[in-house]
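Worksheet: the structure to be examined is printed underneath.
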Amino acid sequence: MAEKIYITTAIPYVNGVPHVGHAMDYLLADVCARYFDNSRFQAGTDEHGNKIFQKAKELNIPVQEYVDNNSKKFQDFIQRLGVEYTDFVRTTDQDHEKRVQEIWEKVKDRIYLAKYEGWYCTGCERYVTEKEYEENHGICPDHQKSYERLAEENYYFRLADFKDQIREAIESHRMRVLPEFREKEILKLIEDSPDVSISRPKSQLTWGVPVPGDENQVMYVWMDALCNYITVLGYPDKDISDSWPAYAQFVGKDILRFHAILWPAILLALGLELPKNIVSHGMILANGQKMSKSIGNVIDPIEVLDKHGTEAFRYFFLRHIDTFDDSDFTWEKFEDAYNNELANDLGNLVQRLATLCKKNNFVLENDDTPTEVESQYDNLMREFRFKEAFDEVWEKVQAINRQIDEDKPWSLAKNNETEKLKQVLSSEVTNLLEATNQLKPFLPETAKRIEEIFSGTIEPPKEPLFPKN
RNA sequence: CGUGGGGUAGAGCAGCCUGGUAGCUCGUUUGGCUCAUAACCAAAAGGUCGUUGGUUCAAAUCCAACCCCCACAACCA
């Protein structure tokens with residue numbers, strides 16, 4: 001058996017409930033994993049940091065209990081998306097914490113202690129950039145407080161040591177950054193990326209992994225969270241060479257820079273190979289606007305799932321949300337896609353074709369799986385252009401509707417042209433099964449149902465695949 | 001002079017890198033069919049391709065300038 005293809009998703013910060021945007025990582029990774037069915041699939045949750053610590057305090061529950069609950073919510077969410085992972089990592093796992101500390105020790109010669117000075121908001125409990133400071137005229141808009149000039153000691157990671165190697169890896173496509181326009185962005189960004197602060201004084205951050213050998217410092221998010229991709233495999237205790245380097249790492253564009261610059265630097269420091277592909281997707285907008293709690297336009301993915309189910313959810317987010325770029329979600333678009341495409345194009349096609357087969361006692365004779373031919377579909381899938389690949393599948397579905405209209409099997413039946421009728425139905429069903437095969441990574445349950453319907457005695461489903469409301 | 005993306009039919013988008021009759025989906029109008037979830041198929045209407053200039057036999061596509069929108073800018077997916 002060939003080695004497994006390792007696929008990863010970003011680990012969400014569990015200071016809230018699953019957001020519709022989280023779904024993109026999982027869905028894209030799942031499509032990829034299902035396409036190369038021999039894959040190892042990581043998912044997880046990021047559970048350290050002040051926001052979580054405070055949130056738990058506000059709710060007056062122990063922090064560990066709080067993150068346990070929230071992590072569970074994400075696991076349930078992933079399951080409801082029909083996404084099947086093989087490994088789940090939590091940054092509060094003991095194994096993870098221990099391994100991150102070991103990793104820290106291994107890259108110690110790339111880490112140095114330095115003073116950080118900047119404008120700090122005691123309300124937000126964070127430093128702001130010079131620019132933000134100027135734009136807000138020195139006053140935090142969220143808390144109406146003046147920023148304070150503070151200084152503290154942080155450990156920094158010597159990113160500068162690896163810039164050339166990383167740039168070379170990206171340019172040579174040894175490590176691909178997708179899509180292309182993001183690659184350009186990252187290549188520009190590398191130039192003036194400063195060393196990254198990877199710890200905080202304990203006085204400021206308690207809920208985190210202690211820095212080994214310095215009881216006054218706690219690891220800040222990056223070291224802790226990014227390393228999940230290898231700690232979950234067992235690094236450094238275990239040999240991870242059957243999974244690492246990852247074939248594809250899926251991330252949102254907002255955290256691409258950390259995955260395409262800092263993360264490779266850490267890997268290089270460890271002497272590990274770089275991932276083959278880093279695939280970034282866009283944000284989901286609501287009516288063209290960024291979703292935010294203050295505007296109140298947040299789409300709750302659970303509501304969408306409750307209303308329309310897993311398959312419809314996957315359909316919309318994989319075909320009508322661009323694989324790489326920002327896209328708009330509106331209920332109207334969702335419902336149009338459901339009715340016009342899932343119900344009318346595909347659902348109705350299955351229904352009419354199954355009925356035609358049944359009425360004419362047609363059974364597919366050689367249920368050999370359709371011959372797999374290298375096609376545009378495969379090219380697109382391998383380039384992670386899932387939406388376009390999905391379009392390709394849909395074109396096939398629509399072509400079968402056209403074919404049935406042209407063949408007019410009902411007339412053939414009326415005129416007793418049984419041979420021709422058999423031929424025509426056979427071709428139509430075969431085409432549908434071919435399309436179904438390609439549908440599998442996107443809509444696995446639907447594909448399974450269609451295959452069941454057309455195997456053996458063909459019986460149209462009593463309940464339509466996608467009932468209209 | 002921060003970085004990147006975008007401005008193409010009523011809406012949403014593709015085409016631009018590798019110039020050569022302006023395309024897709026939805027919506028609208030009309031016709032066809034009856035196997036099907038009032039579904040399916042066909043045809044039609046609808047565009048100064050942000051603005052101005054340049055290169056060229058030829059520009060949505062290349063170049064220059066400008067106008068407008070959006071995202072990112074050390075943790076709000």
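Labels used: A, B, ... for chains in the order of the structure tokens, numbers from 1 for residues in each chain, and numbers from 1 for ligands as shown.
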
Up to 7 Å from chain B, what residues of chain A turn up? Count only C-alpha atoms (C1' of nucleotides) and give them as a short mmCIF file (atom, residue, chain, number, x, y, z; two decimals) with N, CA, C and O atoms, in the first residue's frame.
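Printed below is iface_2.cif as written:
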data_model
loop_
_atom_site.label_atom_id
_atom_site.label_comp_id
_atom_site.auth_asym_id
_atom_site.auth_seq_id
_atom_site.Cartn_x
_atom_site.Cartn_y
_atom_site.Cartn_z
N HIS A 19 -18.47 28.69 13.29
CA HIS A 19 -18.89 29.76 12.41
C HIS A 19 -18.99 29.16 11.01
O HIS A 19 -18.31 28.17 10.73
N GLY A 21 -17.71 30.12 8.43
CA GLY A 21 -16.40 30.16 7.79
C GLY A 21 -15.54 28.96 8.13
O GLY A 21 -14.72 28.53 7.32
N HIS A 22 -15.72 28.43 9.33
CA HIS A 22 -14.94 27.25 9.70
C HIS A 22 -15.21 26.09 8.76
O HIS A 22 -14.37 25.22 8.56
N GLU A 185 1.17 37.52 -3.12
CA GLU A 185 1.05 38.31 -1.91
C GLU A 185 2.08 37.87 -0.86
O GLU A 185 2.75 38.70 -0.24
N GLY A 252 -7.60 29.44 6.04
CA GLY A 252 -8.27 30.66 5.60
C GLY A 252 -7.25 31.70 5.23
O GLY A 252 -6.12 31.66 5.72
N ALA A 343 -32.64 20.01 -6.68
CA ALA A 343 -33.94 19.38 -6.86
C ALA A 343 -34.27 19.20 -8.35
O ALA A 343 -34.54 18.08 -8.79
N ASN A 344 -34.17 20.28 -9.13
CA ASN A 344 -34.59 20.19 -10.53
C ASN A 344 -33.58 19.46 -11.42
O ASN A 344 -33.95 18.55 -12.16
N ASN A 348 -34.50 15.56 -9.95
CA ASN A 348 -35.49 15.23 -10.96
C ASN A 348 -34.94 14.29 -12.02
O ASN A 348 -35.64 13.42 -12.52
N GLN A 351 -35.01 10.84 -10.68
CA GLN A 351 -36.40 10.40 -10.63
C GLN A 351 -36.90 9.97 -12.01
O GLN A 351 -37.45 8.90 -12.19
N ARG A 352 -36.69 10.82 -13.01
CA ARG A 352 -37.24 10.54 -14.34
C ARG A 352 -36.54 9.36 -14.97
O ARG A 352 -37.18 8.53 -15.63
N THR A 355 -37.61 6.15 -13.26
CA THR A 355 -38.97 5.80 -13.67
C THR A 355 -38.98 5.21 -15.08
O THR A 355 -39.66 4.22 -15.35
N LEU A 356 -38.22 5.83 -15.97
CA LEU A 356 -38.13 5.31 -17.34
C LEU A 356 -37.61 3.87 -17.34
O LEU A 356 -38.12 3.01 -18.06
N ASN A 401 -29.86 15.27 -18.93
CA ASN A 401 -31.22 15.77 -19.12
C ASN A 401 -31.47 16.07 -20.60
O ASN A 401 -32.53 15.77 -21.15
N ARG A 402 -30.47 16.70 -21.22
CA ARG A 402 -30.59 17.03 -22.65
C ARG A 402 -30.68 15.76 -23.48
O ARG A 402 -31.49 15.65 -24.39
N ASP A 405 -34.03 14.14 -23.46
CA ASP A 405 -34.96 14.86 -24.33
C ASP A 405 -34.75 14.52 -25.80
O ASP A 405 -35.70 14.43 -26.57
N TRP A 410 -39.54 7.59 -24.30
CA TRP A 410 -40.98 7.32 -24.22
C TRP A 410 -41.59 7.04 -25.58
O TRP A 410 -42.49 6.21 -25.69
N PRO A 464 -38.30 11.82 -2.94
CA PRO A 464 -37.33 12.43 -3.86
C PRO A 464 -36.01 12.73 -3.14
O PRO A 464 -36.00 12.96 -1.93
N PRO A 467 -36.35 16.98 -1.92
CA PRO A 467 -37.72 17.47 -2.00
C PRO A 467 -37.74 18.99 -1.97
O PRO A 467 -36.97 19.61 -1.25
N LYS A 468 -38.63 19.54 -2.79
CA LYS A 468 -38.75 20.99 -2.78
C LYS A 468 -39.70 21.40 -1.68
O LYS A 468 -40.57 20.64 -1.28
#

Among segment 25-195 of chain A, which ones does DSSP assign to alpha helix (DSSP H) (computed from the backbone)? Answer as a PyMOL selection string.
chain A and resi 25-35+50-59+63-80+94-106+130-135+163-171+180-191

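For the residues A:Asn416, A:Phe77, A:Leu443, A:Ile52, ranking by smallest atom-to-atom distance to Glu303 of chain A using only C-alpha atoms places A:Phe77 first.
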
Please extract the residues of segment 3-165 of chain A with a backbone DSSP assignment of strand (DSSP E) and present them as an MDAnalysis selection string.
chainID A and resid 5:9 39:45 87:90 111:121 126:128 139:140 145:146 148:157

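Distances to Lys253 of chain A were evaluated for A:Pro179, A:Pro18, A:Gly213, A:Pro461 using only C-alpha atoms, and the minimum falls at A:Pro179.
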
Would you mind listing what lies within 12 Å of G54 of chain B as a PyMOL selection string, with only C-alpha atoms (C1' of nucleotides) counted and same-chain residues fewer than 3 positions away left out?
chain B and resi 59+62-65

Taking 4 positions as the minimum chain separation for residues in the same chain, which residues sit within 8 Å of Pro210 of chain A when counting only C-alpha atoms (C1' of nucleotides)? Answer as a PyMOL selection string.
chain A and resi 101+214-215+217-219

Just to be explicit: take each residue in the selection above, keep N, CA, C and O atoms, and write the result as a compact mmCIF listing (two decimals), in the first residue's frame.
# COMPACT_ATOMS: atom_id res chain seq x y z
N GLN A 101 6.75 21.50 23.75
CA GLN A 101 7.92 21.89 24.56
C GLN A 101 9.19 21.24 24.01
O GLN A 101 10.24 21.88 23.97
N ASP A 214 12.10 28.54 31.34
CA ASP A 214 11.85 29.93 31.75
C ASP A 214 10.46 30.01 32.35
O ASP A 214 9.46 30.11 31.64
N GLU A 215 10.43 30.00 33.67
CA GLU A 215 9.12 29.92 34.32
C GLU A 215 8.32 31.22 34.22
O GLU A 215 7.17 31.27 34.60
N GLN A 217 7.74 32.78 31.34
CA GLN A 217 7.17 32.96 30.00
C GLN A 217 6.28 31.78 29.59
O GLN A 217 6.53 30.64 29.95
N VAL A 218 5.24 32.14 28.85
CA VAL A 218 4.29 31.15 28.35
C VAL A 218 4.24 31.28 26.83
O VAL A 218 4.32 32.38 26.29
N MET A 219 4.10 30.18 26.16
CA MET A 219 4.08 30.22 24.69
C MET A 219 2.86 30.96 24.19
O MET A 219 1.75 30.75 24.67

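Here the question is which of B:C69, B:A58, B:G6, B:G47 gets nearest to A22 of chain B using only C-alpha atoms (C1' of nucleotides), and that residue is B:G47.
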
Can you pull out every residue within 12 Å of C68 of chain B, counting only C-alpha atoms (C1' of nucleotides), but drop anything in the same chain fewer than 5 positions away, and send it as number ranges by chain?
B: 6-7, 50-51

Would you save the residues from that selection as a short mmCIF file (atom, residue, chain, number, x, y, z; two decimals), in the first residue's frame, using all heavy atoms?
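Heads up, here's the output in again.cif:
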data_model
loop_
_atom_site.label_atom_id
_atom_site.label_comp_id
_atom_site.auth_asym_id
_atom_site.auth_seq_id
_atom_site.Cartn_x
_atom_site.Cartn_y
_atom_site.Cartn_z
P G B 6 -8.00 40.57 -10.15
OP1 G B 6 -8.24 39.40 -11.01
OP2 G B 6 -6.92 41.53 -10.49
"O5'" G B 6 -9.35 41.41 -10.00
"C5'" G B 6 -10.57 40.73 -9.77
"C4'" G B 6 -11.62 41.71 -9.34
"O4'" G B 6 -11.10 42.59 -8.31
"C3'" G B 6 -12.11 42.69 -10.39
"O3'" G B 6 -13.02 42.09 -11.28
"C2'" G B 6 -12.82 43.71 -9.50
"O2'" G B 6 -14.05 43.25 -9.03
"C1'" G B 6 -11.83 43.81 -8.34
N9 G B 6 -10.90 44.94 -8.50
C8 G B 6 -9.55 44.89 -8.72
N7 G B 6 -9.00 46.08 -8.82
C5 G B 6 -10.06 46.96 -8.65
C6 G B 6 -10.10 48.37 -8.66
O6 G B 6 -9.16 49.16 -8.81
N1 G B 6 -11.38 48.86 -8.46
C2 G B 6 -12.50 48.09 -8.28
N2 G B 6 -13.66 48.73 -8.12
N3 G B 6 -12.48 46.77 -8.27
C4 G B 6 -11.24 46.27 -8.46
P G B 7 -13.31 42.77 -12.74
OP1 G B 7 -14.11 41.82 -13.53
OP2 G B 7 -12.01 43.26 -13.24
"O5'" G B 7 -14.20 44.05 -12.44
"C5'" G B 7 -15.64 43.93 -12.25
"C4'" G B 7 -16.15 45.33 -12.03
"O4'" G B 7 -15.15 46.01 -11.28
"C3'" G B 7 -16.37 46.13 -13.32
"O3'" G B 7 -17.75 46.42 -13.52
"C2'" G B 7 -15.65 47.43 -13.12
"O2'" G B 7 -16.56 48.55 -13.07
"C1'" G B 7 -15.02 47.33 -11.73
N9 G B 7 -13.61 47.73 -11.71
C8 G B 7 -12.49 46.93 -11.75
N7 G B 7 -11.37 47.61 -11.70
C5 G B 7 -11.77 48.93 -11.63
C6 G B 7 -11.01 50.12 -11.56
O6 G B 7 -9.79 50.26 -11.55
N1 G B 7 -11.82 51.25 -11.52
C2 G B 7 -13.19 51.23 -11.54
N2 G B 7 -13.80 52.42 -11.50
N3 G B 7 -13.92 50.14 -11.60
C4 G B 7 -13.15 49.02 -11.63
P G B 50 -14.55 47.61 -17.93
OP1 G B 50 -13.25 47.80 -18.60
OP2 G B 50 -14.76 46.53 -16.96
"O5'" G B 50 -14.93 49.01 -17.26
"C5'" G B 50 -16.30 49.37 -17.08
"C4'" G B 50 -16.33 50.73 -16.44
"O4'" G B 50 -15.64 50.66 -15.18
"C3'" G B 50 -15.60 51.80 -17.23
"O3'" G B 50 -16.45 52.38 -18.19
"C2'" G B 50 -15.20 52.79 -16.13
"O2'" G B 50 -16.28 53.61 -15.76
"C1'" G B 50 -14.88 51.84 -14.97
N9 G B 50 -13.47 51.46 -14.92
C8 G B 50 -12.94 50.21 -15.00
N7 G B 50 -11.63 50.18 -14.93
C5 G B 50 -11.28 51.52 -14.77
C6 G B 50 -10.01 52.11 -14.65
O6 G B 50 -8.89 51.57 -14.63
N1 G B 50 -10.09 53.50 -14.52
C2 G B 50 -11.27 54.21 -14.53
N2 G B 50 -11.15 55.53 -14.42
N3 G B 50 -12.47 53.66 -14.66
C4 G B 50 -12.40 52.32 -14.77
P U B 51 -15.83 52.77 -19.64
OP1 U B 51 -16.97 53.03 -20.55
OP2 U B 51 -14.81 51.77 -20.01
"O5'" U B 51 -15.08 54.14 -19.35
"C5'" U B 51 -15.80 55.26 -18.83
"C4'" U B 51 -14.84 56.40 -18.57
"O4'" U B 51 -13.97 56.05 -17.46
"C3'" U B 51 -13.87 56.68 -19.71
"O3'" U B 51 -14.48 57.50 -20.71
"C2'" U B 51 -12.75 57.39 -18.99
"O2'" U B 51 -13.06 58.74 -18.69
"C1'" U B 51 -12.67 56.59 -17.68
N1 U B 51 -11.70 55.49 -17.74
C2 U B 51 -10.35 55.82 -17.59
O2 U B 51 -9.96 56.96 -17.41
N3 U B 51 -9.49 54.75 -17.64
C4 U B 51 -9.82 53.43 -17.83
O4 U B 51 -8.93 52.58 -17.84
C5 U B 51 -11.22 53.18 -18.00
C6 U B 51 -12.09 54.20 -17.95
#

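Closest approach to Asp239 of chain A among A:Gly208, A:Arg319, A:His173, A:Leu272 is made by A:Leu272 (distances from only C-alpha atoms).
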